[in-house]
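First the structure, in the form of structure tokens, and then the observations on it.
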Amino acid sequence: MTSQPYDDGPGAPRRVGPYTLLAKIGEGGMGVVHLARHQDTGARVALKVMRPHIVGDDEARQRLAREVSSLGRIRSRWVAEILDADPFAPVPYVATRYVPGLSLHDHVQREGTISGTDLLWLAGALCEGLAAVHGAGVLHRDVKPSNVLMEGRTPILIDFGLARVADDPRLTHTGWLLGTPGYLAPEILYGDDATAASDIHSWAATVAYAATGGAPFGRGPAMAIMDRVRRGEHDLTGLTGPLHDVVAAALDPEPSRRPTLEQLLAWLRPQTTRPSPVVVAPPTPPTMPIQAADDPFAAPLALAHDVYDQERDEPPPTRGYDDTPPVPPVPPGDPRTLVMPAATGAAPTLVERPAPRPAPAPPAYDPWGEELYAPAPPTPLAERLRRLGLVVAGAALVGAACALAPFPVLLVVVVAVWLLRSGSLAASRVGARREVRGRRWYDGVQFLVHAPWHLVQSIPGAAMLLAWAGGLGVAAALLCYAVAAAVPVSLFVTGFVLALALWWGPGGSRLRGPVSRVVDPAARSVGSWLLALAIVLAPAVVAGAYVEARGTSWTPNGSAPFSQR
């Protein structure tokens, strides 16, 4: 599947490969990340579109293909794994699992630091995510709070391994440091190659940030931060307990003195009582005993041995780096594409690309030009007419109720408008928070706690809508008076117009939203629509018959207003 030429300016394409771009959710030096939807399956993914100046020649694409073939074997709940990729498309892209929620950096800034069992859970989950990445034979190389997304209370690693593409000297600038200085291991700052110990150092700095709310090597100019990293001058104030010693050991400036990933997992797993990670890699024996006499990490491990049973999960298997099967070369202009097999260790193959499909109608840009949204498919005309019929029937029910007992009905209408608007406002606030940081267990509690404020907040909008609809209702009543219509008929018309004005008036969307949750499903089929129509119209007919037989009830007045007794 080919793609349109890409740039991230105002004229950016609305489709890349088989994906429709919905909204930009991030960008960096290597590419732009979009929330995208697959045109066939409808699945939503995080689509990273590589910039032309990063992946600009065939050798760079081959390197990207090798990375993708390795990372495609990762299957872990702690990693936003690769779902699809095409390194040889005109616009190279990588699609990963979409994780709704804030980054760890933003989560800590908005909701405070993480402590207790939640901190152990985060540290263990990140460690298991690294084990899954290392098990596939690649390094993450860029573990930091902004590359960890919080799915509820569960951390998910993103952007794993892709920074390796920039190792090509022809694709980098002299002196360009890839990564965030406060989260890079000191050996990288000295110019050495990254190792598994480098990811452990970044892991520890990230856990320290989650626990303390600040970068462990402080803030300030990049050179000052890098100098503190090289000397191991970290600040872990706020991080207490055995985890403090574990993180401090992992931040050692000497890679050989840091704990291994296997040792970290052996210490963390019993305390978080979580299942072992799913690591797709060939099994090999453990490379190091859990406890050694000269190991500086032995004290925290001894504590874990004293407290927890010796029979625990084996450490995840390891393997060498960059030993992935070779990728067959793809000549320029070749119509074939790379396919990553599901079997571990199998070599990637080249297959014929499917014929391009006609591009769907492009979605519309947001009027402010900030984000791109795909319009929902149009509702069939028959269904829209059925919805309209139910709305009109509901207005007729309000009119019949007004003819029966106008004062109580008007009071009920005012209270219903107020409550519906406040409930819609509260629900939209919860939805906005979930869109940013995902679902939380306390969403329902937060909804109830904020409910009184939303009741107050909705009063101005409800008053404006009621004034608008009341004015149209009075106008309808005056017209009925002008033509000398009977009082029950005038009350029916007034209530009918009032209901329609509330539905389509200014701010009526807050009413339409909650009510449409009932109206729209009822209108999808003829059978359910007829049943709903009968349920709405039956009380209206009964109220009309009662008015015809006994007249209008003017409770609590006892008589019609302006009448002479």
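Chain labels follow the order of the structure tokens: the first chain is A, the next B, and so on; residue numbering restarts at 1 in every chain, and ligands are counted from 1 in their shown order.
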Practice prompt. Find the residues around stretch 92-94 of chain A up to 6 Å (only C-alpha atoms counted), leave out those fewer than 5 positions away in its own chain, and share them as an NGL selection string.
Written response: :A and (47-50 or 85-87)
Practice prompt. Give the alpha helix (DSSP H) residues of stretch 93-254 of chain A, as DSSP finds them on the backbone, and put them as a VMD selection string.
Written response: chain A and resid 104 to 111 116 to 135 186 to 189 196 to 212 222 to 231 242 to 250
How close does each residue of stretch 208-248 of chain A get to stretch 100-119 of chain A, giving the shortest atom pair and distance in Å to one decimal for every residue with an atom at most 9 Å away, counting only C-alpha atoms, sorted by chain and residue number, as a tab-separated table?
```
residue	atom	partner	partner_atom	distance
A:Tyr209	CA	A:Thr113	CA	8.1
A:Ala210	CA	A:Thr113	CA	5.6
A:Ala211	CA	A:Ile114	CA	5.2
A:Thr212	CA	A:Thr113	CA	6.1
A:Gly213	CA	A:Thr113	CA	5.5
A:Leu239	CA	A:Ser115	CA	8.3
```
Print the selection's residues with C-alpha atoms to a file, as a CSV table (one decimal), in the first residue's frame.
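The resulting again.csv:
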```
chain,number,residue,atom,x,y,z
A,209,TYR,CA,11.1,10.9,38.8
A,210,ALA,CA,7.8,9.1,39.5
A,211,ALA,CA,8.6,8.9,43.2
A,212,THR,CA,10.0,12.4,43.7
A,213,GLY,CA,8.4,14.5,41.0
A,239,LEU,CA,12.2,7.9,47.6
```
Worksheet item: To one decimal place, how far is atom CA of A:Tyr98 from atom CA of A:Val32 in Å?
Response: 14.3 Å
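All residues in stretch 112-277 of chain A with a DSSP state of strand (DSSP E), computed from the backbone, read Val148, Leu149, Met150, Glu151, Thr154, Pro155, Ile156 and Leu157 of chain A.
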Practice prompt. Within 9 Å of stretch 506-523 of chain A, counting only C-alpha atoms, which residues show up once you throw out same-chain ones fewer than 3 positions away? Write them as a PyMOL selection string, please.
Written response: chain A and resi 383-387+390-391+417+420-425+461-462+464-465+468+501-503+526-532
Could you take the residues named above and write them with C-alpha atoms, as a short mmCIF file (atom, residue, chain, number, x, y, z; two decimals), in the first residue's frame?
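Heads up, here's the output in again-v5.cif:
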```
data_model
loop_
_atom_site.label_atom_id
_atom_site.label_comp_id
_atom_site.auth_asym_id
_atom_site.auth_seq_id
_atom_site.Cartn_x
_atom_site.Cartn_y
_atom_site.Cartn_z
CA GLU A 383 -33.37 6.49 10.43
CA ARG A 384 -33.11 10.27 10.69
CA LEU A 385 -36.82 10.58 9.85
CA ARG A 386 -37.66 8.04 12.55
CA ARG A 387 -35.62 10.04 15.06
CA LEU A 390 -39.89 10.37 18.04
CA VAL A 391 -38.86 13.95 18.85
CA VAL A 417 -33.85 20.99 31.71
CA LEU A 420 -30.21 17.19 32.08
CA ARG A 421 -27.87 20.08 31.34
CA SER A 422 -25.88 19.59 34.55
CA GLY A 423 -25.66 15.82 34.00
CA SER A 424 -24.51 16.31 30.40
CA LEU A 425 -21.91 18.83 31.55
CA GLY A 461 -27.23 28.03 30.37
CA ALA A 462 -30.50 26.49 31.54
CA MET A 464 -31.00 31.19 28.78
CA LEU A 465 -32.51 28.15 27.07
CA TRP A 468 -35.65 31.39 24.65
CA ALA A 501 -37.73 25.16 21.17
CA LEU A 502 -35.95 23.46 24.07
CA TRP A 503 -34.74 20.69 21.74
CA VAL A 526 -38.72 -0.04 12.40
CA GLY A 527 -39.93 -2.46 15.08
CA SER A 528 -38.24 -0.71 17.99
CA TRP A 529 -39.28 2.67 16.58
CA LEU A 530 -42.97 1.70 16.43
CA LEU A 531 -42.80 0.38 19.99
CA ALA A 532 -41.16 3.57 21.26
#
```
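Considering the residues A:Val392, A:Trp554, A:Ala538, A:Ala205 and counting only C-alpha atoms, A:Trp504 has its shortest atom-to-atom contact with A:Val392.
The space separating atom CA of A:Val536 from atom CA of A:Ser490 comes to 20.9 Å.
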Item to complete: List the neighbours of stretch 189-200 of chain A out to 8 Å using only C-alpha atoms; skip same-chain residues closer than 5 positions along the sequence, and give me the result as a ChimeraX atom specification.
Response: /A:130,134,139-143,184,226,230,250,255-256,258-261
Worksheet entry | Nearest candidate to A:Thr555 (options A:Leu83, A:Leu478, A:Ala43, A:Ala405; using only C-alpha atoms) | A:Ala405
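Across the model, the gap from atom CA of A:Arg228 to atom CA of A:Asp245 is 18.8 Å.
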Fill in: Best match for closeness to A:Ala266 among A:Asp159, A:Glu233, A:Glu128, A:Asp40, counting only C-alpha atoms
A:Glu128
Worksheet item: Near A:Phe217, counting only C-alpha atoms, which residues have an atom at most 7 Å away, once you skip same-chain residues fewer than 3 positions from it, shown as a PyMOL selection string?
Response: chain A and resi 182+225+228-229+233-235
